[in-house]
Every structure is written in C-alpha cells, then in structure tokens.
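**Q** Below is upload_22.tsv; it holds TSV, C-alpha atoms.
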chain	number	residue	atom	x	y	z
A	1	MET	CA	2.58	8.94	7.08
A	2	LYS	CA	2.29	7.02	10.34
A	3	THR	CA	-0.64	7.72	12.65
A	4	LEU	CA	0.16	9.04	16.12
A	5	THR	CA	-1.99	8.79	19.24
A	6	ALA	CA	-1.64	11.19	22.14
A	7	SER	CA	1.09	8.97	23.57
A	8	ILE	CA	2.87	8.78	20.21
A	9	LEU	CA	2.34	5.12	19.46
A	10	ILE	CA	3.56	3.84	16.11
A	11	THR	CA	1.92	1.36	13.76
A	12	LEU	CA	4.69	-0.57	12.13
A	13	LEU	CA	4.69	-2.65	8.97
A	14	LEU	CA	7.20	-5.48	9.36
A	15	PHE	CA	7.43	-8.23	6.78
A	16	LEU	CA	8.85	-11.70	7.22
A	17	ILE	CA	10.10	-12.62	3.72
A	18	ALA	CA	11.48	-15.99	2.66
A	19	CYS	CA	14.72	-16.38	0.78
A	20	GLN	CA	14.55	-17.16	-2.93
A	21	SER	CA	17.11	-19.93	-3.32
A	22	GLY	CA	17.58	-23.66	-2.92
A	23	THR	CA	14.99	-25.81	-1.21
A	24	GLU	CA	13.41	-22.78	0.50
A	25	LYS	CA	12.26	-21.29	-2.83
A	26	ALA	CA	9.27	-23.62	-3.06
A	27	ALA	CA	8.11	-22.64	0.42
A	28	SER	CA	8.54	-18.98	-0.47
A	29	GLU	CA	6.45	-19.34	-3.60
A	30	GLN	CA	3.71	-21.06	-1.59
A	31	THR	CA	3.59	-18.32	1.03
A	32	LYS	CA	4.34	-15.27	-1.06
A	33	ASP	CA	0.94	-13.71	-0.33
A	34	ILE	CA	1.29	-13.97	3.44
A	35	THR	CA	2.59	-10.91	5.21
A	36	ALA	CA	2.22	-9.87	8.81
A	37	VAL	CA	0.90	-6.44	9.68
A	38	VAL	CA	1.93	-5.84	13.24
A	39	SER	CA	1.27	-3.35	16.00
A	40	PRO	CA	3.96	-3.59	18.68
A	41	GLU	CA	2.89	-3.28	22.29
A	42	GLN	CA	2.66	0.09	23.92
A	43	GLU	CA	5.51	-0.84	26.25
A	44	GLY	CA	8.46	1.45	25.77
A	45	VAL	CA	7.42	3.08	22.50
A	46	THR	CA	6.42	6.53	23.69
A	47	ALA	CA	8.10	9.88	23.41
A	48	SER	CA	9.48	10.90	26.76
A	49	ASP	CA	7.85	13.23	29.22
A	50	PRO	CA	10.07	16.23	29.91
A	51	THR	CA	9.10	16.39	33.58
A	52	GLY	CA	12.10	16.18	35.85
A	53	THR	CA	14.72	15.63	33.16
A	54	TYR	CA	16.63	18.91	33.41
A	55	LYS	CA	19.47	19.67	35.82
A	56	MET	CA	20.44	23.07	34.44
A	57	PRO	CA	20.52	26.17	36.65
A	58	GLY	CA	18.29	29.23	36.51
A	59	ASP	CA	17.21	30.73	33.21
A	60	ALA	CA	18.95	28.05	31.14
A	61	GLU	CA	16.88	25.31	32.82
A	62	LYS	CA	13.68	27.24	32.22
A	63	ALA	CA	14.52	27.95	28.59
A	64	ALA	CA	15.45	24.36	27.75
A	65	SER	CA	12.44	22.91	29.55
A	66	THR	CA	10.08	25.32	27.80
A	67	LEU	CA	11.55	24.55	24.39
A	68	PHE	CA	11.41	20.80	25.03
A	69	SER	CA	7.82	20.90	26.27
A	70	ARG	CA	6.67	22.93	23.27
A	71	GLY	CA	8.58	20.74	20.82
A	72	LEU	CA	7.11	17.58	22.35
A	73	GLU	CA	3.62	19.02	22.14
A	74	LEU	CA	4.06	19.84	18.47
A	75	VAL	CA	5.44	16.39	17.67
A	76	LYS	CA	2.51	14.75	19.45
A	77	GLY	CA	0.22	16.86	17.28
A	78	GLY	CA	1.96	15.70	14.10
A	79	LYS	CA	3.59	19.07	13.44
A	80	TYR	CA	7.02	17.59	12.95
A	81	ASP	CA	8.88	20.44	11.27
A	82	GLU	CA	7.85	22.91	13.96
A	83	GLY	CA	8.55	20.37	16.68
A	84	ILE	CA	12.00	19.66	15.28
A	85	ASP	CA	12.77	23.39	15.32
A	86	TYR	CA	11.91	23.67	19.02
A	87	LEU	CA	13.74	20.46	19.91
A	88	SER	CA	16.83	21.64	18.02
A	89	ARG	CA	16.84	24.83	20.07
A	90	ALA	CA	16.41	22.75	23.23
A	91	ILE	CA	19.45	20.70	22.22
A	92	GLU	CA	21.46	23.90	21.81
A	93	ALA	CA	20.47	24.87	25.34
A	94	ASP	CA	21.07	21.41	26.83
A	95	PRO	CA	23.20	19.25	24.50
A	96	ASP	CA	23.76	16.54	27.12
A	97	ASN	CA	20.11	15.63	27.56
A	98	GLY	CA	19.56	12.34	25.77
A	99	ARG	CA	15.77	12.55	25.93
A	100	ILE	CA	15.76	15.65	23.74
A	101	TRP	CA	17.92	13.89	21.16
A	102	PHE	CA	15.64	10.86	21.30
A	103	ASN	CA	12.48	12.89	20.75
A	104	ARG	CA	13.95	14.81	17.84
A	105	GLY	CA	15.01	11.47	16.39
A	106	PHE	CA	11.45	10.25	16.89
A	107	ALA	CA	10.17	13.25	14.94
A	108	TYR	CA	12.57	12.52	12.07
A	109	TYR	CA	11.56	8.85	12.22
A	110	SER	CA	7.90	9.82	11.96
A	111	GLN	CA	8.76	11.75	8.79
A	112	GLU	CA	10.56	8.64	7.49
A	113	ASN	CA	13.82	10.60	7.48
A	114	TYR	CA	15.74	7.60	8.73
A	115	ASP	CA	19.27	8.97	8.28
A	116	LEU	CA	18.70	11.96	10.56
A	117	ALA	CA	16.66	9.84	12.94
A	118	GLN	CA	19.54	7.39	13.26
A	119	GLU	CA	22.00	10.17	14.04
A	120	ASP	CA	19.81	11.40	16.89
A	121	PHE	CA	19.15	7.92	18.30
A	122	ASP	CA	22.90	7.26	18.23
A	123	GLN	CA	23.52	10.47	20.15
A	124	ALA	CA	20.79	9.61	22.67
A	125	LEU	CA	22.45	6.24	23.24
A	126	ARG	CA	25.90	7.81	23.64
A	127	ILE	CA	24.46	9.92	26.43
A	128	ASN	CA	22.36	7.13	27.94
A	129	PRO	CA	23.55	3.65	26.89
A	130	SER	CA	20.75	2.05	28.95
A	131	ASP	CA	17.87	3.65	27.05
A	132	THR	CA	15.86	0.63	25.85
A	133	THR	CA	13.40	2.84	23.95
A	134	ALA	CA	16.23	4.41	21.97
A	135	PHE	CA	17.57	0.94	21.17
A	136	LEU	CA	14.11	-0.10	19.97
A	137	TYR	CA	13.74	2.87	17.62
A	138	SER	CA	17.32	2.62	16.45
A	139	GLY	CA	16.50	-0.97	15.52
A	140	LEU	CA	13.34	0.07	13.72
A	141	THR	CA	15.21	2.74	11.79
A	142	LYS	CA	17.86	0.26	10.70
A	143	TYR	CA	15.16	-2.24	9.79
A	144	TYR	CA	13.53	0.21	7.41
A	145	LYS	CA	16.95	0.91	5.92
A	146	GLU	CA	17.27	-2.87	5.41
A	147	ASP	CA	20.21	-3.07	7.81
A	148	TYR	CA	18.84	-6.23	9.41
A	149	LYS	CA	22.06	-7.20	11.18
A	150	GLY	CA	22.34	-3.75	12.73
A	151	ALA	CA	18.69	-3.83	13.77
A	152	LEU	CA	19.15	-7.27	15.29
A	153	GLN	CA	22.03	-5.97	17.40
A	154	ASP	CA	19.95	-3.04	18.66
A	155	TYR	CA	17.12	-5.36	19.67
A	156	THR	CA	19.64	-7.62	21.39
A	157	ASN	CA	20.92	-4.62	23.35
A	158	ALA	CA	17.35	-3.73	24.33
A	159	ILE	CA	16.81	-7.31	25.51
A	160	ILE	CA	20.01	-7.23	27.56
A	161	LYS	CA	18.74	-4.09	29.30
A	162	SER	CA	15.20	-5.44	29.75
A	163	LYS	CA	14.71	-9.19	29.32
A	164	ALA	CA	10.94	-8.84	29.71
A	165	TYR	CA	10.70	-6.52	26.69
A	166	SER	CA	8.47	-8.67	24.46
A	167	THR	CA	8.45	-6.12	21.61
A	168	ALA	CA	12.23	-6.35	21.35
A	169	TRP	CA	12.10	-10.17	21.27
A	170	TYR	CA	9.38	-10.03	18.61
A	171	ASN	CA	11.21	-7.52	16.41
A	172	ARG	CA	14.45	-9.48	16.74
A	173	GLY	CA	12.54	-12.52	15.53
A	174	ILE	CA	11.42	-10.53	12.49
A	175	CYS	CA	15.04	-9.61	11.74
A	176	LYS	CA	16.16	-13.21	12.09
A	177	GLY	CA	13.47	-14.18	9.62
A	178	GLN	CA	14.81	-11.61	7.16
A	179	LEU	CA	18.26	-13.10	7.67
A	180	ARG	CA	16.85	-16.60	6.99
A	181	ASP	CA	17.53	-17.79	10.54
A	182	TYR	CA	14.09	-19.35	10.90
A	183	ARG	CA	14.99	-21.48	13.92
A	184	GLY	CA	16.27	-18.39	15.71
A	185	ALA	CA	13.12	-16.54	14.69
A	186	VAL	CA	10.96	-19.28	16.20
A	187	ASP	CA	12.92	-19.04	19.45
A	188	ASP	CA	12.46	-15.26	19.68
A	189	PHE	CA	8.76	-15.36	18.84
A	190	THR	CA	8.36	-18.08	21.48
A	191	LYS	CA	10.04	-15.84	24.06
A	192	ALA	CA	7.78	-12.92	23.10
A	193	ILE	CA	4.74	-15.19	23.53
A	194	PHE	CA	6.02	-16.42	26.92
A	195	ILE	CA	6.18	-12.81	28.10
A	196	ASN	CA	2.89	-11.79	26.47
A	197	SER	CA	0.56	-14.69	25.68
A	198	ASN	CA	-1.94	-12.35	23.96
A	199	TYR	CA	0.35	-11.52	21.04
A	200	PRO	CA	-1.33	-12.57	17.77
A	201	GLU	CA	1.43	-11.21	15.54
A	202	ALA	CA	4.02	-13.34	17.35
A	203	TYR	CA	1.92	-16.48	16.80
A	204	PHE	CA	1.32	-15.50	13.16
A	205	ASN	CA	4.98	-14.97	12.37
A	206	ARG	CA	6.11	-18.00	14.37
A	207	ALA	CA	3.76	-19.97	12.14
A	208	ILE	CA	5.49	-18.59	9.04
A	209	ALA	CA	8.93	-19.44	10.42
A	210	ASN	CA	7.75	-22.94	11.31
A	211	PHE	CA	6.33	-23.32	7.81
A	212	TYR	CA	9.74	-22.57	6.33
A	213	LEU	CA	11.16	-25.17	8.73
A	214	ARG	CA	8.60	-27.60	7.25
A	215	ASP	CA	6.78	-28.03	10.57
A	216	THR	CA	3.30	-27.62	9.10
A	217	VAL	CA	1.54	-29.02	12.17
A	218	GLN	CA	3.01	-26.37	14.46
A	219	ALA	CA	2.50	-23.67	11.83
A	220	CYS	CA	-1.22	-24.47	11.61
A	221	ASN	CA	-1.50	-24.56	15.41
A	222	ASP	CA	0.04	-21.11	15.61
A	223	TRP	CA	-2.22	-19.72	12.90
A	224	ARG	CA	-5.23	-21.07	14.81
A	225	GLN	CA	-4.03	-19.35	17.96
A	226	ALA	CA	-3.39	-16.11	16.06
A	227	LYS	CA	-6.94	-16.31	14.70
A	228	ALA	CA	-8.33	-16.89	18.19
A	229	LEU	CA	-6.54	-13.72	19.31
A	230	GLY	CA	-8.10	-11.68	16.51
A	231	SER	CA	-5.74	-11.96	13.54
A	232	PHE	CA	-7.81	-11.73	10.35
A	233	LYS	CA	-4.79	-12.66	8.24
A	234	ALA	CA	-4.49	-15.97	10.09
A	235	GLN	CA	-7.75	-17.23	8.60
A	236	GLU	CA	-6.34	-16.67	5.10
A	237	ALA	CA	-3.30	-18.78	6.00
A	238	LEU	CA	-5.51	-21.49	7.50
A	239	ASN	CA	-7.62	-21.59	4.37
A	240	ILE	CA	-4.63	-21.97	2.07
A	241	TYR	CA	-2.31	-24.23	4.07
A	242	CYS	CA	-4.37	-25.93	6.77
A	243	GLY	CA	-7.58	-26.93	5.01
A	244	GLY	CA	-9.42	-23.96	6.48
A	245	ARG	CA	-9.11	-25.31	10.03
Can you present the structure in this file as structure tokens?

**A**
Amino acid sequence: MKTLTASILITLLLFLIACQSGTEKAASEQTKDITAVVSPEQEGVTASDPTGTYKMPGDAEKAASTLFSRGLELVKGGKYDEGIDYLSRAIEADPDNGRIWFNRGFAYYSQENYDLAQEDFDQALRINPSDTTAFLYSGLTKYYKEDYKGALQDYTNAIIKSKAYSTAWYNRGICKGQLRDYRGAVDDFTKAIFINSNYPEAYFNRAIANFYLRDTVQACNDWRQAKALGSFKAQEALNIYCGGR
C-alpha cells in the first residue's frame, strides 16, 4: 500500500529495464541489478481542494460539496472504501464535476485498482481536457498496467498543457526507456533536469540510458551528480561501472 501525506503525495516505483535481445543484451546483463526508486516532485500530484469548485444551486450545491469534502478527508486519511462511497454519492449529485471523478480515481489508484482508476481519470479528462494532474495519473495508471505507449501519450499531453512540468518529462523518459528508445529517454531526462536541476532520479536514469547508448563517460558523470544530490543507489553504480569514482 502506498503511503500518503496530508497532501496525498505518492511514492512511485518506476523501473527502467533494458531489452533482452541483440547487442543490448550484454548491457542489460551488466546492469540488471540497477533500478531507480523515484519520488516525483510535489508539483501537480495532489488531490484537489473542493473549495470553489461547485456551481450548483441551493441544497444540491450544499449536498455535493459536503459529500466531496467528507470523501476527500477520508481519502487523505487512507480510508479509501469509505471515501469512495462519499465521492460516488457526490458524483451522483454533480456528475459534471471533473475534480470529483479525479479524486475518486485517485482513491482507486491508491488501492491499486487500476482499471476503475483509469475509468475515472478518463471521465475527468472528458470533462476537463486541460487537467494536467489527471493526465499524470492516467499515465501512471497505464504505466502500472504496462501500457507504456498509452502512458507516454498521457505524459506528452501533460507536457503540451504545461511545458515546465518536470515530473511529466521525467516519467515520459521512463516510458521511453521501457520502449527501448534510449536516446529519447536521455532527451526527456535532460529536459526534466533543465527545469529542475536538483533531480537525482533524473540524473540516475539518464545515466542508465546513456549506459545503454554506450556513453560510459556521460553515464558515470550523471551517476556522480545523482550521488551528489543524495542518491544512495548512485554509489552502487559508480562502484560497479565507474571504478568507484
């Protein structure tokens, strides 16, 4: 079960895995013990605040807002089943509010019920096609379902809406790595680093992509930078592939 803070931040496990064929197989065998444990930035990955989101009249507005607020509180407290019940009732009262759909999807996502989560994120995006947070979580859901092409498209949509969204660039780089597009992965990790220079996971995974591209010098430089930014895993990579330095 994922750990939630008061602002509903997620710790994500994303793995950049090499392909197992041709000339890349040797590189994969060399690096098979290296995985990246990442914590995406806080930007954009919070459940929404219900304040000011309802445009319904009278008692209906009050009922939907109350249900949403209670459901959000329960989800933040990790009581997902109860929270989903309240959010479902809020959806019945206000079916055109994309933030309710998103938050119920977030609750399903937190339970690792990715099919139902995806349905709710899709509905949230039908209502609000500019919701970068919904695109991010839709991408994460598809990633965990191993739909890497679908996830990549969601991250691309998030980037189109917000070009300074370093988490989306980073996660798209992860997907490109899964799809064996290591040059594209390097480009996306580089963009994430340009936006946020204190991003150890981006340096770490760019190093892996560069290693598969046989640029060992740049890979070691990136692992050194990841280590300087606090990545414990980077020292392991340096020890194995860079003479410990």

**Q** Env of Leu116 (chain A): 12 Å cut, atoms = all atoms listed in the file, seq-sep filter 4 positions within chain, self excluded. Answer as number ranges by chain.

**A** A: 84, 101-112, 120-123, 138, 141-142

**Q** Around (-4.8, -7.8, 19.5) in the file's own coordinates, what residues are found within 8 Å if you use all atoms listed in the file, given back as a PyMOL selection string?

**A** chain A and resi 198-200+229-231

**Q** Rank nothing, just name the residue among A:Lys145, A:Arg206, A:Arg89, A:Arg99 nearest to Arg183 (chain A), using all atoms listed in the file.

**A**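 Between A:Lys145, A:Arg206, A:Arg89, A:Arg99, the residue approaching Arg183 (chain A) most closely is A:Arg206.
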
**Q** When you look at Asn157 (chain A) with a cut-off of 9 Å (counting all atoms listed in the file), what residues show up, excluding the ones that are within fewer than 5 positions of it in the same chain? I need them as a PyMOL selection string.

**A** chain A and resi 130+132+135-136+152+162

**Q** What's the separation between CA of Lys161 (chain A) and CA of Leu125 (chain A), in Å to one decimal place?

**A**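 A separation of 12.5 Å between them.
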
**Q** Can you tell me which residues surround Tyr165 (chain A) at a distance of at most 8 Å, considering all atoms listed in the file, apart from same-chain residues fewer than 5 positions away, and format the answer as a list in words?

**A**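 My reading of the contact set: Glu43, Ala158, Ile159, Ala192 and Ile195 of chain A.
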
**Q** For a test of reading the model, state the distance in Å between CA of Thr156 (chain A) and CA of Ala134 (chain A), rounded to one decimal.

**A**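 Straight-line distance from CA of Thr156 (chain A) to CA of Ala134 (chain A) works out to 12.5 Å.
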
**Q** What gap, in Å, lies between CA of Trp169 (chain A) and CA of Thr133 (chain A)?

**A**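 Interatomic distance, CA of Trp169 (chain A) to CA of Thr133 (chain A): 13.3 Å.
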
**Q** Any idea what's packed within 10 Å of Asp187 (chain A), counting all atoms listed in the file, ignoring anything in its chain fewer than 6 positions away? Could you give it as a list in words?

**A**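 Residues meeting the cut-off are Trp169, Tyr170, Gly173, Lys176, Ile193, Arg206 and Ala209 of chain A.
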
**Q** Looking at all atoms listed in the file, which of A:Lys227, A:Arg245, A:Lys79, A:Arg172 is the one that sits closest to Gly139 (chain A)?

**A**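 Smallest separation from Gly139 (chain A) among the options: A:Arg172.
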